[in-house]
Amino acid sequence: MAMDASGIYQVMSVVMPLYLAMFLGYCSVAWWKILTPVQSTGINKYLLYLAFPMLFFKVIGGGDFYAMSLPFVGADTLQKVGLLVGLTLWLFLSRNGTLEWVITAFSLVSLPNTLVVGLPILEAMYPGISSPFMVQIVVMQVVLWCNVMLLLFEYRAAKKLIEAQFPTDGPSVKSIRVDPDVDTLSIPEQLETEAKVGDDGHLHMVIRRSRSIGGSFSDMPLRQNSGIARRNPTGAEMFPLQSSSMRSSRSPLDLNNTEKFGSSKSREGGPESNDPVNLSDDRMGYGNTRDPARPNSVLQMHIRSSSDEMGKTNREVHAIDISPVSEAQDEPRNSIGRSSRKDEGTEVKIIQGENNDDDKKKPPAHVIAKLIFWMAWKKFIQNPNTGACLLGLAWSLIRVKFKLEMPSLLQGCITIITNTTLGLAMFSLGLFTGLQPKILSCGKKEIVLSLAAKFLFAPLLMAVASLAVGLRGTILNIAILQAALPLGIGPFVFAQEYGVYPNITSTGVILGMLVAVPVMLVYNLVLGLLR
């Protein structure tokens with residue numbers, strides 16, 4: 001049955017306070033100038049580390065997962081799995097398929113703003129019915145699907161890092177170790193890689209934060225509001241959307257006096273050096289790189305040159321092989337013109353290589369997979385929302401099983417924080433909108449595609465998945481409506497951090513919020529008539 005006037009009023013009475021908070025946040029930075037970008041970042045941190053975890057714990061802890069609707073969760077899972085399969089086929093079978101568009105499309109279609117927007121709107125449409133189903137969607141989204149998206153981001157970042165800073169002889173890489181202070185591979189220009197030749201003759205890679213980068217590496221993604229330029233893994237300049245007018249020159253890789261091969265270090269002015277890299281065993285951390293069977297040997301390196309889209313040259317050093325050399329031999333000349341020599345008869349050659357992607361082989365698949373899963377695991381355990389969600393799920397199971405109640409003291413402490421979270425989250429979304437140079441920061445074609453993916457394709461795909469598992473009636477309506485919710489801000493945060501079409505996701509977040517209510521009302525009307 002279609003919603004009547006009183007039902008529409010009930011929905012508006014829930015939604016309008018949220019939009020008011022968003023409008024006040026926008027005015028605070030765009031018109032009134034009473035908050036700065038740094039202060040806005042502080043509000044975002046409060047939400048991320050305190051308010052949202054408590055809200056997740058309260059909402060999930062109050063649910064009953066023994067009564068979970070498996071068909072409802074199955075329909076949601078089928079929608080997302082079907083989407084991933086379709087996008088993967090498009091990636092491998094189409095010339096136009098790119099991993100960046102796969103990630104963006106998955107975010108737009110399958111990760112709605114369920115907690116902040118979906119719960120209040122759908123509860124107003126279906127009082128006392130929709131909340132248990134929405135809580136189940138929240139758990140699946142936070143624990144599973146956000147981490148699937150994170151795996152895709154880390155896979156892309158690892159792929160770009162391997163292409164940029166790993167040896168051309170990829171199959172010789174036996175292992176990859178990541179230093180504890182490296183939280184993400186999303187900014188390869190702030191990382192450096194070191195290769196150590198082990199006793200087994202294989203390369204063992206170490207990824208660490210570049211010594212030229214000061215401060216905490218884990219804080220870098222949070223600096224986007226401070227006007228600091230960031231670069232994405234593609235090599236193109238990546239700036240915060242709110243400071244897109246900033247520009248910085250792309251510095252070539254300094255091969256003179258470099259201490260780690262493959263590291264990205266800038267030089268202020270001056271031409272690019274053709275000097276070889278001095279890979280002394282103690283200073284470079286290589287240890288003894290000579291072949292035990294060949295005590296007087298040469299670790300032969302290739303420098304690979306490539307040009308990015310801005311016409312500036314990137315050069316990378318790659319280990320190739322070890323060849324014998326006599327101690328008494330005069331210092332030879334390579335194609336660059338010089339080489340550096342060790343004290344004990346081991347000599348390091350640098351040879352200028354051609355930019356031929358076909359000659360570069362990737363490391364073994366299991367080594368890459370281990371790297372990707374390790375980085376995703378670090379993100380998973382460092383996300384406070386994930387921990388709060390799992391803790392709330394455990395408390396819910398214990399509470400229902402043993403018929404326990406949370407102590408009023410603890411309940412009051414949580415409630416006083418969570419009562420302000422929805423309003424502050426919408427206020428923060430308004431701050432985000434006001435900090436953008438343009439509300440719609442992408443072209444008309446991208447706007448149409450993002451809106452169609454979010455408000456047409458996502459509900460249609462959910463309807464097909466729901467009918468396939470046997471959902472009917474009100475539960476079917478709830479499943480379709482939650483798929484038509486606007487895009488959550490989480491996908492934009494990841495898109496900004498990893499440099500994957502943040503302009504499209506930011507437009508999806510902002511424009512989606514503006515049209516969410518009329519779209520939801522139209523869908524509810526159509527579903528009521530069809531029923």
# chains A, B, ... in the order shown; residues from 1 in each chain; ligands from 1
>>> residues_around(residues="range 521-525 of chain A", least_positions_apart="6", cutoff="8 Å", atoms="only C-alpha atoms", output="list in words")
Ala2, Met3, Ile8, Asn477 and Leu481 of chain A
>>> atom_distance(atom1="CA of Val367 in chain A", atom2="CA of Glu154 in chain A")
14.0 Å
>>> closest_residue(among="A:Ile510, A:Leu93, A:Leu108, A:Met12", to="Ile121 in chain A", atoms="only C-alpha atoms")
A:Met12
>>> residues_around(residues="range 128-136 of chain A", least_positions_apart="6", cutoff="10 Å", atoms="only C-alpha atoms", output="ChimeraX atom specification")
/A:56,59-65,67-70,72-73,114-115,118-122,474-475,477-479,482
>>> residues_around(residues="Asp76 in chain A", least_positions_apart="2", cutoff="9 Å", atoms="only C-alpha atoms", output="MDAnalysis selection string")
chainID A and resid 71:74 78:81 110 137 140 462 465:466 479 483
>>> closest_residue(among="A:Lys159, A:Phe23, A:Tyr66, A:Thr104", to="Ile398 in chain A", atoms="only C-alpha atoms")
A:Tyr66
>>> decode(residues="range 97-118 of chain A", atoms="N, CA, C and O atoms", output="PDB file, in the first residue's frame")
ATOM      1  N   GLY A  97      37.933  -1.835 -19.754  1.00  0.00           N
ATOM      2  CA  GLY A  97      37.888  -2.201 -18.346  1.00  0.00           C
ATOM      3  C   GLY A  97      39.160  -1.810 -17.616  1.00  0.00           C
ATOM      4  O   GLY A  97      40.263  -2.117 -18.052  1.00  0.00           O
ATOM      5  N   THR A  98      39.017  -1.109 -16.509  1.00  0.00           N
ATOM      6  CA  THR A  98      40.145  -0.722 -15.664  1.00  0.00           C
ATOM      7  C   THR A  98      39.816  -1.054 -14.218  1.00  0.00           C
ATOM      8  O   THR A  98      38.650  -1.047 -13.803  1.00  0.00           O
ATOM      9  N   LEU A  99      40.845  -1.330 -13.443  1.00  0.00           N
ATOM     10  CA  LEU A  99      40.655  -1.653 -12.033  1.00  0.00           C
ATOM     11  C   LEU A  99      40.083  -0.456 -11.275  1.00  0.00           C
ATOM     12  O   LEU A  99      39.286  -0.622 -10.339  1.00  0.00           O
ATOM     13  N   GLU A 100      40.461   0.751 -11.676  1.00  0.00           N
ATOM     14  CA  GLU A 100      39.949   1.951 -11.011  1.00  0.00           C
ATOM     15  C   GLU A 100      38.429   2.063 -11.151  1.00  0.00           C
ATOM     16  O   GLU A 100      37.723   2.397 -10.191  1.00  0.00           O
ATOM     17  N   TRP A 101      37.923   1.771 -12.355  1.00  0.00           N
ATOM     18  CA  TRP A 101      36.474   1.839 -12.552  1.00  0.00           C
ATOM     19  C   TRP A 101      35.766   0.689 -11.857  1.00  0.00           C
ATOM     20  O   TRP A 101      34.620   0.834 -11.408  1.00  0.00           O
ATOM     21  N   VAL A 102      36.411  -0.458 -11.752  1.00  0.00           N
ATOM     22  CA  VAL A 102      35.814  -1.574 -11.013  1.00  0.00           C
ATOM     23  C   VAL A 102      35.612  -1.181  -9.549  1.00  0.00           C
ATOM     24  O   VAL A 102      34.545  -1.397  -8.965  1.00  0.00           O
ATOM     25  N   ILE A 103      36.638  -0.594  -8.942  1.00  0.00           N
ATOM     26  CA  ILE A 103      36.545  -0.184  -7.536  1.00  0.00           C
ATOM     27  C   ILE A 103      35.488   0.893  -7.357  1.00  0.00           C
ATOM     28  O   ILE A 103      34.673   0.856  -6.422  1.00  0.00           O
ATOM     29  N   THR A 104      35.490   1.881  -8.256  1.00  0.00           N
ATOM     30  CA  THR A 104      34.527   2.983  -8.135  1.00  0.00           C
ATOM     31  C   THR A 104      33.099   2.499  -8.312  1.00  0.00           C
ATOM     32  O   THR A 104      32.195   2.889  -7.557  1.00  0.00           O
ATOM     33  N   ALA A 105      32.876   1.649  -9.300  1.00  0.00           N
ATOM     34  CA  ALA A 105      31.528   1.128  -9.533  1.00  0.00           C
ATOM     35  C   ALA A 105      31.055   0.276  -8.358  1.00  0.00           C
ATOM     36  O   ALA A 105      29.893   0.357  -7.939  1.00  0.00           O
ATOM     37  N   PHE A 106      31.936  -0.540  -7.807  1.00  0.00           N
ATOM     38  CA  PHE A 106      31.568  -1.348  -6.644  1.00  0.00           C
ATOM     39  C   PHE A 106      31.188  -0.465  -5.459  1.00  0.00           C
ATOM     40  O   PHE A 106      30.220  -0.753  -4.738  1.00  0.00           O
ATOM     41  N   SER A 107      31.932   0.605  -5.249  1.00  0.00           N
ATOM     42  CA  SER A 107      31.622   1.524  -4.146  1.00  0.00           C
ATOM     43  C   SER A 107      30.274   2.195  -4.353  1.00  0.00           C
ATOM     44  O   SER A 107      29.458   2.273  -3.423  1.00  0.00           O
ATOM     45  N   LEU A 108      30.031   2.695  -5.562  1.00  0.00           N
ATOM     46  CA  LEU A 108      28.792   3.417  -5.831  1.00  0.00           C
ATOM     47  C   LEU A 108      27.564   2.527  -5.669  1.00  0.00           C
ATOM     48  O   LEU A 108      26.540   2.954  -5.121  1.00  0.00           O
ATOM     49  N   VAL A 109      27.665   1.296  -6.131  1.00  0.00           N
ATOM     50  CA  VAL A 109      26.489   0.433  -6.177  1.00  0.00           C
ATOM     51  C   VAL A 109      26.216  -0.258  -4.848  1.00  0.00           C
ATOM     52  O   VAL A 109      25.060  -0.407  -4.440  1.00  0.00           O
ATOM     53  N   SER A 110      27.266  -0.667  -4.153  1.00  0.00           N
ATOM     54  CA  SER A 110      27.057  -1.620  -3.055  1.00  0.00           C
ATOM     55  C   SER A 110      27.329  -1.101  -1.653  1.00  0.00           C
ATOM     56  O   SER A 110      27.160  -1.849  -0.689  1.00  0.00           O
ATOM     57  N   LEU A 111      27.757   0.153  -1.486  1.00  0.00           N
ATOM     58  CA  LEU A 111      28.102   0.644  -0.141  1.00  0.00           C
ATOM     59  C   LEU A 111      27.301   1.903   0.197  1.00  0.00           C
ATOM     60  O   LEU A 111      27.833   3.015   0.182  1.00  0.00           O
ATOM     61  N   PRO A 112      26.029   1.769   0.534  1.00  0.00           N
ATOM     62  CA  PRO A 112      25.206   2.937   0.859  1.00  0.00           C
ATOM     63  C   PRO A 112      25.450   3.442   2.275  1.00  0.00           C
ATOM     64  O   PRO A 112      26.105   2.778   3.089  1.00  0.00           O
ATOM     65  N   ASN A 113      24.915   4.609   2.549  1.00  0.00           N
ATOM     66  CA  ASN A 113      25.024   5.224   3.878  1.00  0.00           C
ATOM     67  C   ASN A 113      23.933   4.628   4.773  1.00  0.00           C
ATOM     68  O   ASN A 113      22.909   5.248   5.032  1.00  0.00           O
ATOM     69  N   THR A 114      24.181   3.431   5.255  1.00  0.00           N
ATOM     70  CA  THR A 114      23.148   2.665   5.955  1.00  0.00           C
ATOM     71  C   THR A 114      22.922   3.161   7.370  1.00  0.00           C
ATOM     72  O   THR A 114      21.781   3.277   7.823  1.00  0.00           O
ATOM     73  N   LEU A 115      23.991   3.448   8.086  1.00  0.00           N
ATOM     74  CA  LEU A 115      23.861   3.771   9.511  1.00  0.00           C
ATOM     75  C   LEU A 115      23.287   5.163   9.737  1.00  0.00           C
ATOM     76  O   LEU A 115      22.329   5.331  10.496  1.00  0.00           O
ATOM     77  N   VAL A 116      23.864   6.179   9.084  1.00  0.00           N
ATOM     78  CA  VAL A 116      23.491   7.565   9.371  1.00  0.00           C
ATOM     79  C   VAL A 116      22.173   7.939   8.712  1.00  0.00           C
ATOM     80  O   VAL A 116      21.319   8.592   9.330  1.00  0.00           O
ATOM     81  N   VAL A 117      21.980   7.533   7.458  1.00  0.00           N
ATOM     82  CA  VAL A 117      20.792   7.935   6.711  1.00  0.00           C
ATOM     83  C   VAL A 117      19.754   6.818   6.635  1.00  0.00           C
ATOM     84  O   VAL A 117      18.553   7.055   6.802  1.00  0.00           O
ATOM     85  N   GLY A 118      20.210   5.601   6.386  1.00  0.00           N
ATOM     86  CA  GLY A 118      19.269   4.502   6.152  1.00  0.00           C
ATOM     87  C   GLY A 118      18.420   4.141   7.349  1.00  0.00           C
ATOM     88  O   GLY A 118      17.197   3.966   7.222  1.00  0.00           O
TER      89      GLY A 118
END
